[in-house]
$ cat model-v1.pdb   # PDB, C-alpha atoms and all ligand atoms
MODEL        1
ATOM      1  CA  MET A   1      42.414 -18.170  -2.492
ATOM      2  CA  ASP A   2      39.608 -15.694  -3.030
ATOM      3  CA  LYS A   3      38.552 -13.716   0.017
ATOM      4  CA  ILE A   4      35.892 -11.634  -1.711
ATOM      5  CA  LYS A   5      33.825 -12.400  -4.803
ATOM      6  CA  ILE A   6      31.846  -9.676  -6.514
ATOM      7  CA  TYR A   7      29.211 -11.133  -8.811
ATOM      8  CA  ASN A   8      27.205  -9.207 -11.415
ATOM      9  CA  MET A   9      27.048  -6.107  -9.270
ATOM     10  CA  ASP A  10      25.218  -2.989 -10.376
ATOM     11  CA  LEU A  11      24.868   0.088  -8.223
ATOM     12  CA  TYR A  12      22.596   3.085  -8.687
ATOM     13  CA  TYR A  13      22.519   6.437  -6.914
ATOM     14  CA  GLY A  14      18.864   7.227  -7.649
ATOM     15  CA  LYS A  15      18.726   6.809 -11.438
ATOM     16  CA  PHE A  16      22.464   7.253 -11.942
ATOM     17  CA  HIS A  17      24.145   3.963 -12.872
ATOM     18  CA  ALA A  18      27.439   4.253 -10.958
ATOM     19  CA  LEU A  19      28.723   0.652 -11.168
ATOM     20  CA  LYS A  20      27.966  -1.579 -14.145
ATOM     21  CA  GLY A  21      28.060  -5.367 -14.130
ATOM     22  CA  ILE A  22      31.095  -5.735 -11.892
ATOM     23  CA  ASN A  23      32.537  -9.242 -11.620
ATOM     24  CA  MET A  24      35.780  -9.681  -9.762
ATOM     25  CA  ASN A  25      37.492 -11.820  -7.156
ATOM     26  CA  ILE A  26      39.793 -10.357  -4.538
ATOM     27  CA  GLU A  27      42.545 -12.638  -3.354
ATOM     28  CA  GLU A  28      43.280 -13.318   0.272
ATOM     29  CA  LYS A  29      46.428 -11.740   1.786
ATOM     30  CA  CYS A  30      47.072  -9.789  -1.350
ATOM     31  CA  ILE A  31      47.127  -6.059  -2.010
ATOM     32  CA  THR A  32      44.617  -5.081  -4.694
ATOM     33  CA  SER A  33      44.583  -1.533  -6.078
ATOM     34  CA  PHE A  34      41.628   0.196  -7.721
ATOM     35  CA  ILE A  35      42.747   2.846 -10.218
ATOM     36  CA  GLY A  36      40.896   5.032 -12.705
ATOM     37  CA  PRO A  37      39.943   8.647 -13.336
ATOM     38  CA  SER A  38      37.874  10.721 -10.958
ATOM     39  CA  GLY A  39      34.256   9.578 -10.897
ATOM     40  CA  SER A  40      34.975   6.117 -12.322
ATOM     41  CA  GLY A  41      33.429   4.368  -9.298
ATOM     42  CA  LYS A  42      36.506   3.243  -7.333
ATOM     43  CA  SER A  43      35.400   4.594  -3.953
ATOM     44  CA  THR A  44      31.825   3.493  -4.549
ATOM     45  CA  LEU A  45      32.950  -0.088  -5.129
ATOM     46  CA  LEU A  46      35.292   0.011  -2.132
ATOM     47  CA  LYS A  47      32.439   1.191   0.101
ATOM     48  CA  THR A  48      30.127  -1.600  -1.024
ATOM     49  CA  LEU A  49      32.619  -4.106   0.423
ATOM     50  CA  ASN A  50      31.694  -3.170   3.993
ATOM     51  CA  ARG A  51      28.250  -1.789   3.175
ATOM     52  CA  MET A  52      29.086   1.858   3.799
ATOM     53  CA  ASN A  53      26.606   2.599   0.995
ATOM     54  CA  ASP A  54      23.798   1.423   3.286
ATOM     55  CA  LEU A  55      24.035   4.920   4.789
ATOM     56  CA  ILE A  56      23.098   6.602   1.479
ATOM     57  CA  ASP A  57      19.313   6.848   1.047
ATOM     58  CA  ASP A  58      18.842   6.489  -2.692
ATOM     59  CA  CYS A  59      21.616   3.961  -3.263
ATOM     60  CA  SER A  60      20.486   0.579  -4.596
ATOM     61  CA  ILE A  61      22.522  -2.496  -5.419
ATOM     62  CA  THR A  62      21.849  -5.659  -7.398
ATOM     63  CA  GLY A  63      24.076  -8.713  -7.697
ATOM     64  CA  ASN A  64      26.089 -10.268  -4.893
ATOM     65  CA  ILE A  65      29.222  -9.765  -2.845
ATOM     66  CA  PHE A  66      30.560 -12.796  -1.005
ATOM     67  CA  LEU A  67      33.022 -12.775   1.879
ATOM     68  CA  ASP A  68      34.422 -16.262   2.422
ATOM     69  CA  GLY A  69      31.427 -17.542   0.461
ATOM     70  CA  LEU A  70      28.738 -15.728   2.469
ATOM     71  CA  ASP A  71      26.646 -12.992   0.847
ATOM     72  CA  ILE A  72      27.465  -9.810   2.807
ATOM     73  CA  TYR A  73      24.082  -8.245   2.016
ATOM     74  CA  LYS A  74      22.064 -11.317   2.974
ATOM     75  CA  HIS A  75      23.934 -13.563   5.352
ATOM     76  CA  ILE A  76      26.187 -11.369   7.475
ATOM     77  CA  ASP A  77      25.063  -8.883  10.123
ATOM     78  CA  VAL A  78      26.349  -5.434   9.156
ATOM     79  CA  ASN A  79      28.126  -4.818  12.493
ATOM     80  CA  GLN A  80      29.837  -8.173  12.227
ATOM     81  CA  LEU A  81      30.776  -7.362   8.621
ATOM     82  CA  ARG A  82      32.367  -4.028   9.573
ATOM     83  CA  LYS A  83      34.361  -5.769  12.307
ATOM     84  CA  ARG A  84      35.718  -8.190   9.704
ATOM     85  CA  VAL A  85      36.172  -5.565   6.987
ATOM     86  CA  GLY A  86      37.770  -2.404   8.378
ATOM     87  CA  MET A  87      38.222   0.917   6.614
ATOM     88  CA  VAL A  88      40.764   3.727   6.538
ATOM     89  CA  PHE A  89      39.741   6.998   4.908
ATOM     90  CA  GLN A  90      41.467   9.563   2.759
ATOM     91  CA  LYS A  91      41.727  12.216   5.443
ATOM     92  CA  PRO A  92      43.082  11.009   8.786
ATOM     93  CA  ASN A  93      40.070  11.131  11.125
ATOM     94  CA  PRO A  94      41.129  10.206  14.662
ATOM     95  CA  PHE A  95      38.447  10.704  17.301
ATOM     96  CA  PRO A  96      38.964  13.767  19.552
ATOM     97  CA  MET A  97      40.218  11.655  22.444
ATOM     98  CA  SER A  98      43.499  10.198  23.645
ATOM     99  CA  ILE A  99      45.669   7.961  21.474
ATOM    100  CA  TYR A 100      44.906   5.055  23.840
ATOM    101  CA  ASP A 101      41.152   5.625  23.749
ATOM    102  CA  ASN A 102      41.146   5.854  19.948
ATOM    103  CA  ILE A 103      42.617   2.365  19.687
ATOM    104  CA  ALA A 104      40.590   0.904  22.568
ATOM    105  CA  PHE A 105      37.336   2.326  21.173
ATOM    106  CA  GLY A 106      36.480  -0.596  18.861
ATOM    107  CA  PRO A 107      37.403  -3.388  21.297
ATOM    108  CA  ARG A 108      35.404  -1.613  24.064
ATOM    109  CA  THR A 109      32.403  -1.369  21.718
ATOM    110  CA  HIS A 110      32.701  -5.109  21.246
ATOM    111  CA  GLY A 111      32.553  -5.645  25.009
ATOM    112  CA  ILE A 112      36.204  -5.868  26.102
ATOM    113  CA  LYS A 113      36.580  -4.091  29.466
ATOM    114  CA  ASN A 114      39.599  -5.759  31.083
ATOM    115  CA  LYS A 115      42.416  -3.190  31.308
ATOM    116  CA  ALA A 116      45.267  -5.661  30.815
ATOM    117  CA  ILE A 117      43.635  -7.057  27.665
ATOM    118  CA  LEU A 118      42.959  -3.560  26.321
ATOM    119  CA  ASP A 119      46.568  -2.548  27.090
ATOM    120  CA  ASP A 120      47.801  -5.508  25.060
ATOM    121  CA  ILE A 121      45.502  -4.747  22.122
ATOM    122  CA  VAL A 122      46.556  -1.079  22.110
ATOM    123  CA  GLU A 123      50.255  -1.962  22.178
ATOM    124  CA  LYS A 124      49.981  -4.644  19.492
ATOM    125  CA  SER A 125      47.855  -2.485  17.175
ATOM    126  CA  LEU A 126      50.252   0.464  17.494
ATOM    127  CA  LYS A 127      53.247  -1.797  16.901
ATOM    128  CA  ASP A 128      51.600  -3.376  13.861
ATOM    129  CA  SER A 129      50.942   0.122  12.514
ATOM    130  CA  ALA A 130      54.581   1.125  12.938
ATOM    131  CA  ILE A 131      53.819   3.988  15.308
ATOM    132  CA  TRP A 132      54.365   2.482  18.774
ATOM    133  CA  ASP A 133      57.841   3.954  19.279
ATOM    134  CA  GLU A 134      56.627   7.428  18.368
ATOM    135  CA  VAL A 135      53.656   7.448  20.773
ATOM    136  CA  LYS A 136      54.355   4.955  23.581
ATOM    137  CA  ASP A 137      55.275   7.721  26.044
ATOM    138  CA  ARG A 138      52.205   9.818  25.327
ATOM    139  CA  LEU A 139      49.294   7.419  25.035
ATOM    140  CA  LYS A 140      47.101   9.673  27.186
ATOM    141  CA  LYS A 141      47.681  12.698  24.928
ATOM    142  CA  SER A 142      45.111  13.699  22.331
ATOM    143  CA  ALA A 143      45.443  11.928  18.996
ATOM    144  CA  LEU A 144      44.773  15.311  17.399
ATOM    145  CA  SER A 145      48.157  16.525  18.665
ATOM    146  CA  LEU A 146      49.929  14.227  16.193
ATOM    147  CA  SER A 147      51.082  15.023  12.642
ATOM    148  CA  GLY A 148      48.896  14.025   9.672
ATOM    149  CA  GLY A 149      51.071  11.012   8.863
ATOM    150  CA  GLN A 150      51.041   9.882  12.490
ATOM    151  CA  GLN A 151      47.268  10.388  12.671
ATOM    152  CA  GLN A 152      46.818   8.171   9.610
ATOM    153  CA  ARG A 153      48.845   5.397  11.266
ATOM    154  CA  ILE A 154      46.670   5.832  14.404
ATOM    155  CA  CYS A 155      43.621   5.347  12.162
ATOM    156  CA  ILE A 156      45.177   2.183  10.740
ATOM    157  CA  ALA A 157      45.899   0.981  14.306
ATOM    158  CA  ARG A 158      42.284   1.761  15.246
ATOM    159  CA  ALA A 159      41.090  -0.344  12.309
ATOM    160  CA  LEU A 160      43.425  -3.227  13.239
ATOM    161  CA  ALA A 161      42.403  -3.204  16.923
ATOM    162  CA  VAL A 162      39.206  -5.158  16.248
ATOM    163  CA  ASN A 163      41.190  -7.834  14.443
ATOM    164  CA  PRO A 164      39.720  -7.486  10.946
ATOM    165  CA  GLU A 165      40.393  -9.809   8.026
ATOM    166  CA  VAL A 166      40.145  -7.207   5.280
ATOM    167  CA  LEU A 167      41.387  -3.617   5.303
ATOM    168  CA  LEU A 168      39.845  -1.139   2.847
ATOM    169  CA  MET A 169      41.906   1.996   2.233
ATOM    170  CA  ASP A 170      40.424   4.933   0.333
ATOM    171  CA  GLU A 171      43.332   7.032  -0.945
ATOM    172  CA  PRO A 172      45.085   6.697   2.424
ATOM    173  CA  THR A 173      48.098   8.831   1.504
ATOM    174  CA  SER A 174      46.584  11.586  -0.611
ATOM    175  CA  ALA A 175      46.640  14.053   2.303
ATOM    176  CA  LEU A 176      50.194  13.139   3.351
ATOM    177  CA  ASP A 177      53.719  14.328   2.568
ATOM    178  CA  PRO A 178      56.144  12.023   0.697
ATOM    179  CA  ILE A 179      57.889  10.734   3.850
ATOM    180  CA  SER A 180      54.618   9.823   5.573
ATOM    181  CA  THR A 181      53.411   8.305   2.298
ATOM    182  CA  ALA A 182      56.504   6.074   2.101
ATOM    183  CA  LYS A 183      55.912   4.968   5.721
ATOM    184  CA  ILE A 184      52.313   4.015   4.985
ATOM    185  CA  GLU A 185      53.348   2.183   1.793
ATOM    186  CA  ASP A 186      55.971   0.171   3.739
ATOM    187  CA  LEU A 187      53.399  -0.539   6.405
ATOM    188  CA  VAL A 188      50.846  -1.753   3.858
ATOM    189  CA  GLN A 189      53.438  -4.203   2.512
ATOM    190  CA  GLU A 190      53.959  -5.606   6.006
ATOM    191  CA  LEU A 191      50.246  -5.816   6.735
ATOM    192  CA  LYS A 192      49.551  -8.057   3.762
ATOM    193  CA  GLU A 193      51.178 -10.925   5.672
ATOM    194  CA  SER A 194      48.083 -10.943   7.865
ATOM    195  CA  TYR A 195      45.353  -9.031   6.029
ATOM    196  CA  THR A 196      43.634  -8.790   2.668
ATOM    197  CA  ILE A 197      44.063  -5.178   1.545
ATOM    198  CA  VAL A 198      42.131  -3.177  -1.032
ATOM    199  CA  ILE A 199      43.423   0.294  -1.767
ATOM    200  CA  VAL A 200      41.944   3.057  -3.913
ATOM    201  CA  THR A 201      44.605   5.335  -5.308
ATOM    202  CA  HIS A 202      44.920   8.140  -7.823
ATOM    203  CA  ASN A 203      48.611   7.590  -7.869
ATOM    204  CA  MET A 204      49.587   5.018 -10.482
ATOM    205  CA  GLN A 205      53.167   4.812  -9.211
ATOM    206  CA  GLN A 206      51.748   3.912  -5.836
ATOM    207  CA  ALA A 207      49.571   1.168  -7.315
ATOM    208  CA  ALA A 208      52.583  -0.165  -9.200
ATOM    209  CA  ARG A 209      54.791  -0.013  -6.067
ATOM    210  CA  VAL A 210      52.509  -1.573  -3.504
ATOM    211  CA  SER A 211      49.946  -3.821  -5.110
ATOM    212  CA  ASP A 212      49.926  -7.397  -6.338
ATOM    213  CA  LYS A 213      46.785  -6.949  -8.421
ATOM    214  CA  THR A 214      45.385  -3.835 -10.076
ATOM    215  CA  ALA A 215      41.879  -3.125 -11.344
ATOM    216  CA  PHE A 216      41.255  -0.273 -13.797
ATOM    217  CA  PHE A 217      37.812   1.384 -13.777
ATOM    218  CA  LEU A 218      36.233   3.762 -16.246
ATOM    219  CA  SER A 219      32.702   5.227 -16.063
ATOM    220  CA  GLY A 220      31.546   2.576 -13.597
ATOM    221  CA  GLU A 221      32.931  -0.377 -15.554
ATOM    222  CA  LEU A 222      35.777  -2.673 -14.657
ATOM    223  CA  ILE A 223      37.880  -2.421 -17.809
ATOM    224  CA  GLU A 224      40.849  -4.564 -16.877
ATOM    225  CA  TYR A 225      42.007  -6.538 -13.862
ATOM    226  CA  ASN A 226      45.304  -8.335 -13.734
ATOM    227  CA  ASP A 227      48.596  -8.837 -11.927
ATOM    228  CA  THR A 228      49.970  -5.345 -11.360
ATOM    229  CA  GLU A 229      53.117  -5.998 -13.346
ATOM    230  CA  THR A 230      51.176  -7.286 -16.356
ATOM    231  CA  LEU A 231      48.583  -4.519 -16.268
ATOM    232  CA  PHE A 232      51.250  -1.819 -16.245
ATOM    233  CA  SER A 233      53.611  -3.432 -18.748
ATOM    234  CA  ILE A 234      51.308  -5.106 -21.289
ATOM    235  CA  PRO A 235      47.758  -3.795 -20.792
ATOM    236  CA  GLU A 236      45.204  -5.683 -22.864
ATOM    237  CA  ASP A 237      42.718  -2.870 -23.354
ATOM    238  CA  LYS A 238      43.514   0.296 -25.275
ATOM    239  CA  ARG A 239      41.674   2.355 -22.632
ATOM    240  CA  THR A 240      43.919   0.973 -19.883
ATOM    241  CA  GLU A 241      46.961   1.760 -21.975
ATOM    242  CA  ASP A 242      45.773   5.317 -22.610
ATOM    243  CA  TYR A 243      45.171   5.859 -18.915
ATOM    244  CA  ILE A 244      48.434   4.451 -17.611
ATOM    245  CA  THR A 245      50.453   6.298 -20.221
ATOM    246  CA  GLY A 246      48.782   9.538 -19.165
ATOM    247  CA  ARG A 247      46.766  10.111 -22.325
ATOM    248  CA  PHE A 248      43.647  10.850 -20.295
ATOM    249  CA  GLY A 249      42.318  10.962 -16.760
TER     250      GLY A 249
HETATM  251  N1  LIG B 301      26.263   9.788  -2.622
HETATM  252  C1  LIG B 301      26.228   9.916  -3.954
HETATM  253  N2  LIG B 301      25.092  10.315  -4.566
HETATM  254  C2  LIG B 301      25.036  10.459  -5.926
HETATM  255  N3  LIG B 301      26.079  10.211  -6.752
HETATM  256  C3  LIG B 301      27.228   9.820  -6.195
HETATM  257  C4  LIG B 301      27.372   9.655  -4.772
HETATM  258  N4  LIG B 301      28.638   9.261  -4.520
HETATM  259  C5  LIG B 301      29.256   9.186  -5.720
HETATM  260  N5  LIG B 301      28.417   9.522  -6.720
HETATM  261  C6  LIG B 301      28.714   9.523  -8.179
HETATM  262  O1  LIG B 301      29.126   8.206  -8.556
HETATM  263  C7  LIG B 301      30.212   8.270  -9.470
HETATM  264  C8  LIG B 301      31.382   7.478  -8.908
HETATM  265  O2  LIG B 301      31.892   8.169  -7.775
HETATM  266  P1  LIG B 301      33.111   7.619  -6.925
HETATM  267  O3  LIG B 301      33.331   8.544  -5.773
HETATM  268  O4  LIG B 301      32.916   6.189  -6.626
HETATM  269  O5  LIG B 301      34.303   7.758  -7.983
HETATM  270  P2  LIG B 301      35.858   7.628  -7.765
HETATM  271  O6  LIG B 301      36.364   6.859  -8.925
HETATM  272  O7  LIG B 301      36.162   7.107  -6.418
HETATM  273  O8  LIG B 301      36.297   9.143  -7.888
HETATM  274  P3  LIG B 301      37.475   9.955  -7.119
HETATM  275  O9  LIG B 301      38.726   9.368  -7.657
HETATM  276  O10 LIG B 301      37.260  11.362  -7.574
HETATM  277  O11 LIG B 301      37.283   9.748  -5.660
HETATM  278  C9  LIG B 301      30.504   9.747  -9.690
HETATM  279  O12 LIG B 301      29.860  10.157 -10.881
HETATM  280  C10 LIG B 301      29.894  10.412  -8.492
HETATM  281  O13 LIG B 301      29.467  11.720  -8.798
ENDMDL
END

$ encode --input "model-v1.pdb" --output "C-alpha cells"
Amino acid sequence: MDKIKIYNMDLYYGKFHALKGINMNIEEKCITSFIGPSGSGKSTLLKTLNRMNDLIDDCSITGNIFLDGLDIYKHIDVNQLRKRVGMVFQKPNPFPMSIYDNIAFGPRTHGIKNKAILDDIVEKSLKDSAIWDEVKDRLKKSALSLSGGQQQRICIARALAVNPEVLLMDEPTSALDPISTAKIEDLVQELKESYTIVIVTHNMQQAARVSDKTAFFLSGELIEYNDTETLFSIPEDKRTEDYITGRFG
C-alpha cells in the first residue's frame, strides 16, 4: 500500500528549479532510499515530505504530496504533519539536556505530563532504538555526554517518542564510524516492521543493504525508481548504470 504519493511536484529556490516533475509513490512499511550525486535534490525532496522547506523564504512548490490520501500542503496542519512524519538529521543533534528530557520533549510538547506515562514512552522509545541497555542507568545525564553513534540513536528515539508513522532520515550514518553505522542499519531494518522509512544516502552499498526500493536522482529529476535489487542489478537507464558503476557522481 502507498503511504505517500508525490504528484507532479516542482520545487524552486527563487528561480532555481531544484526538483522537476517528480511523480512517485512511497510504500507503507518499506524502506525507500534516495540516491544520486551531490546537488541532485535528494535532501530537498526528503524535506518536502514533512514541509521543512516551509522554513525557507524563497522556496516555492507546485504539485501535490499526499499522506494517506490527504494533501500535506492543503489538508494537514503542519504540526500534526511533523508529528506523523518525523525526521533524523545527518549530524546527531540531541538537545543540551538529559537523555530522559530529550525523549520526553516531544510528548510533553503534545501535552503529556503524567510521569508514569512519560517513563513508559521514554523506556519504549529507547528500547525500540536499541540503546536502552546502554543508557538505562544514566537517564538523567546529559545526552551530549554520549558517543556520536549513541547520540544518533537518541535522536531516533526522540523521533519515535511521538509515535510517528513515517521516519525521514537524511544521511543518518554519514558522521558515524562503521560499527555505529552497522547498528543504525540493523535498527532501521527492525523499525520497518512498524514505520515507513525514507533514507537519503550517499553510500550505494548502504542503499543496497538496507532498502526495499531505491530512487535515483540527477539534476532534480527522478531518473529511475524500482525494487532495490532490480535497480542495482539491471538498471533501465544508462545514467543510473553509470552512477551505480561509479562512472560519475
Ligand atoms: N536553501 C536553499 N537555497 C537555494 N538553493 C538550495 C537550497 N538548498 C538546496 N539548494 C540547491 O538545490 C539543489 C539540490 O540540493 P539538495 O541539498 O537537495 O541536494 P542533495 O542531492 O541532497 O545533495 P547532497 O547529497 O550534497 O546533500 C542544489 O543545487 C542546492 O545547491

$ residues_near_ligand --input "model-v1.pdb" --ligand "ligand LIG 301 (chain B)" --cutoff "9 Å" --atoms "all atoms listed in the file" --output "ChimeraX atom specification"
/A:12-14,16-19,34-47,53,56-59,170-171,200-202,217-220

$ residues_around --input "model-v1.pdb" --residues "Val122 (chain A)" --least-positions-apart "6" --cutoff "10 Å" --atoms "all atoms listed in the file" --output "list in words"
Ile99, Tyr100, Asp101, Asn102, Ile103, Ala104, Phe105, Pro107, Ala116, Asp128, Trp132, Lys136, Leu139, Ala157, Arg158, Leu160 and Ala161 of chain A

$ resolve_selection --input "model-v1.pdb" --expression "the PyMOL selection byres (((chain A and resi 242-248) around 8) and not hetatm)" --output "ChimeraX atom specification"
/A:36,204,232,238-241,249

$ atom_distance --input "model-v1.pdb" --atom1 "CA of Asn114 (chain A)" --atom2 "CA of Leu126 (chain A)"
18.4 Å

$ resolve_selection --input "model-v1.pdb" --expression "the PyMOL selection byres (((chain A and resi 145-151) around 12) and not hetatm)" --output "VMD selection string"
chain A and resid 88 to 99 102 to 103 126 129 to 135 138 to 144 152 to 158 172 to 185

$ resolve_selection --input "model-v1.pdb" --expression "the PyMOL selection byres (((chain A and resi 33) around 8) and not hetatm)" --output "list in words"
Ile31, Thr32, Phe34, Ile35, Val198, Ile199, Val200, Thr201, Ala207, Ser211, Asp212, Lys213, Thr214 and Ala215 of chain A

$ write_last_selection --input "model-v1.pdb" --atoms "C-alpha atoms" --output "PDB file, in the frame of the given file"
ATOM      1  CA  ILE A  31      47.127  -6.059  -2.010  1.00  0.00           C
ATOM      2  CA  THR A  32      44.617  -5.081  -4.694  1.00  0.00           C
ATOM      3  CA  PHE A  34      41.628   0.196  -7.721  1.00  0.00           C
ATOM      4  CA  ILE A  35      42.747   2.846 -10.218  1.00  0.00           C
ATOM      5  CA  VAL A 198      42.131  -3.177  -1.032  1.00  0.00           C
ATOM      6  CA  ILE A 199      43.423   0.294  -1.767  1.00  0.00           C
ATOM      7  CA  VAL A 200      41.944   3.057  -3.913  1.00  0.00           C
ATOM      8  CA  THR A 201      44.605   5.335  -5.308  1.00  0.00           C
ATOM      9  CA  ALA A 207      49.571   1.168  -7.315  1.00  0.00           C
ATOM     10  CA  SER A 211      49.946  -3.821  -5.110  1.00  0.00           C
ATOM     11  CA  ASP A 212      49.926  -7.397  -6.338  1.00  0.00           C
ATOM     12  CA  LYS A 213      46.785  -6.949  -8.421  1.00  0.00           C
ATOM     13  CA  THR A 214      45.385  -3.835 -10.076  1.00  0.00           C
ATOM     14  CA  ALA A 215      41.879  -3.125 -11.344  1.00  0.00           C
TER      15      ALA A 215
END

$ closest_residue --input "model-v1.pdb" --among "A:Asn203, A:Lys113, A:Thr196, A:Asp119" --to "Asn25 (chain A)" --atoms "only C-alpha atoms"
A:Thr196

$ residues_near_point --input "model-v1.pdb" --point "(38.4, 0.3, 3.4)" --cutoff "6 Å" --atoms "all atoms listed in the file" --output "ChimeraX atom specification"
/A:86-88,167-170

$ atom_distance --input "model-v1.pdb" --atom1 "CA of Glu190 (chain A)" --atom2 "CA of Glu123 (chain A)"
17.0 Å

$ closest_residue --input "model-v1.pdb" --among "A:Ile72, A:Asp77, A:Val162, A:Ala208" --to "Ile112 (chain A)" --atoms "all atoms listed in the file"
A:Val162

$ build_atoms --input "model-v1.pdb" --residues "region 72-85 of chain A" --atoms "N, CA and C atoms" --output "PDB file, in the coordinates of the input"
ATOM      1  N   ILE A  72      27.369 -10.829   1.737  1.00  0.00           N
ATOM      2  CA  ILE A  72      27.465  -9.810   2.807  1.00  0.00           C
ATOM      3  C   ILE A  72      26.185  -8.980   2.942  1.00  0.00           C
ATOM      4  N   TYR A  73      25.340  -8.995   1.908  1.00  0.00           N
ATOM      5  CA  TYR A  73      24.082  -8.245   2.016  1.00  0.00           C
ATOM      6  C   TYR A  73      22.933  -9.117   2.528  1.00  0.00           C
ATOM      7  N   LYS A  74      23.165 -10.428   2.562  1.00  0.00           N
ATOM      8  CA  LYS A  74      22.064 -11.317   2.974  1.00  0.00           C
ATOM      9  C   LYS A  74      22.383 -12.129   4.214  1.00  0.00           C
ATOM     10  N   HIS A  75      23.629 -12.553   4.339  1.00  0.00           N
ATOM     11  CA  HIS A  75      23.934 -13.563   5.352  1.00  0.00           C
ATOM     12  C   HIS A  75      24.874 -13.113   6.446  1.00  0.00           C
ATOM     13  N   ILE A  76      25.281 -11.842   6.419  1.00  0.00           N
ATOM     14  CA  ILE A  76      26.187 -11.369   7.475  1.00  0.00           C
ATOM     15  C   ILE A  76      25.595 -10.100   8.086  1.00  0.00           C
ATOM     16  N   ASP A  77      25.530 -10.064   9.413  1.00  0.00           N
ATOM     17  CA  ASP A  77      25.063  -8.883  10.123  1.00  0.00           C
ATOM     18  C   ASP A  77      26.036  -7.738   9.850  1.00  0.00           C
ATOM     19  N   VAL A  78      25.496  -6.528   9.623  1.00  0.00           N
ATOM     20  CA  VAL A  78      26.349  -5.434   9.156  1.00  0.00           C
ATOM     21  C   VAL A  78      27.433  -5.052  10.187  1.00  0.00           C
ATOM     22  N   ASN A  79      27.108  -5.142  11.472  1.00  0.00           N
ATOM     23  CA  ASN A  79      28.126  -4.818  12.493  1.00  0.00           C
ATOM     24  C   ASN A  79      29.247  -5.844  12.490  1.00  0.00           C
ATOM     25  N   GLN A  80      28.851  -7.097  12.311  1.00  0.00           N
ATOM     26  CA  GLN A  80      29.837  -8.173  12.227  1.00  0.00           C
ATOM     27  C   GLN A  80      30.709  -7.987  10.978  1.00  0.00           C
ATOM     28  N   LEU A  81      30.043  -7.590   9.880  1.00  0.00           N
ATOM     29  CA  LEU A  81      30.776  -7.362   8.621  1.00  0.00           C
ATOM     30  C   LEU A  81      31.826  -6.273   8.809  1.00  0.00           C
ATOM     31  N   ARG A  82      31.429  -5.159   9.449  1.00  0.00           N
ATOM     32  CA  ARG A  82      32.367  -4.028   9.573  1.00  0.00           C
ATOM     33  C   ARG A  82      33.498  -4.342  10.546  1.00  0.00           C
ATOM     34  N   LYS A  83      33.269  -5.308  11.449  1.00  0.00           N
ATOM     35  CA  LYS A  83      34.361  -5.769  12.307  1.00  0.00           C
ATOM     36  C   LYS A  83      35.362  -6.578  11.466  1.00  0.00           C
ATOM     37  N   ARG A  84      34.832  -7.349  10.532  1.00  0.00           N
ATOM     38  CA  ARG A  84      35.718  -8.190   9.704  1.00  0.00           C
ATOM     39  C   ARG A  84      36.359  -7.414   8.560  1.00  0.00           C
ATOM     40  N   VAL A  85      35.670  -6.356   8.120  1.00  0.00           N
ATOM     41  CA  VAL A  85      36.172  -5.565   6.987  1.00  0.00           C
ATOM     42  C   VAL A  85      36.309  -4.111   7.450  1.00  0.00           C
TER      43      VAL A  85
END
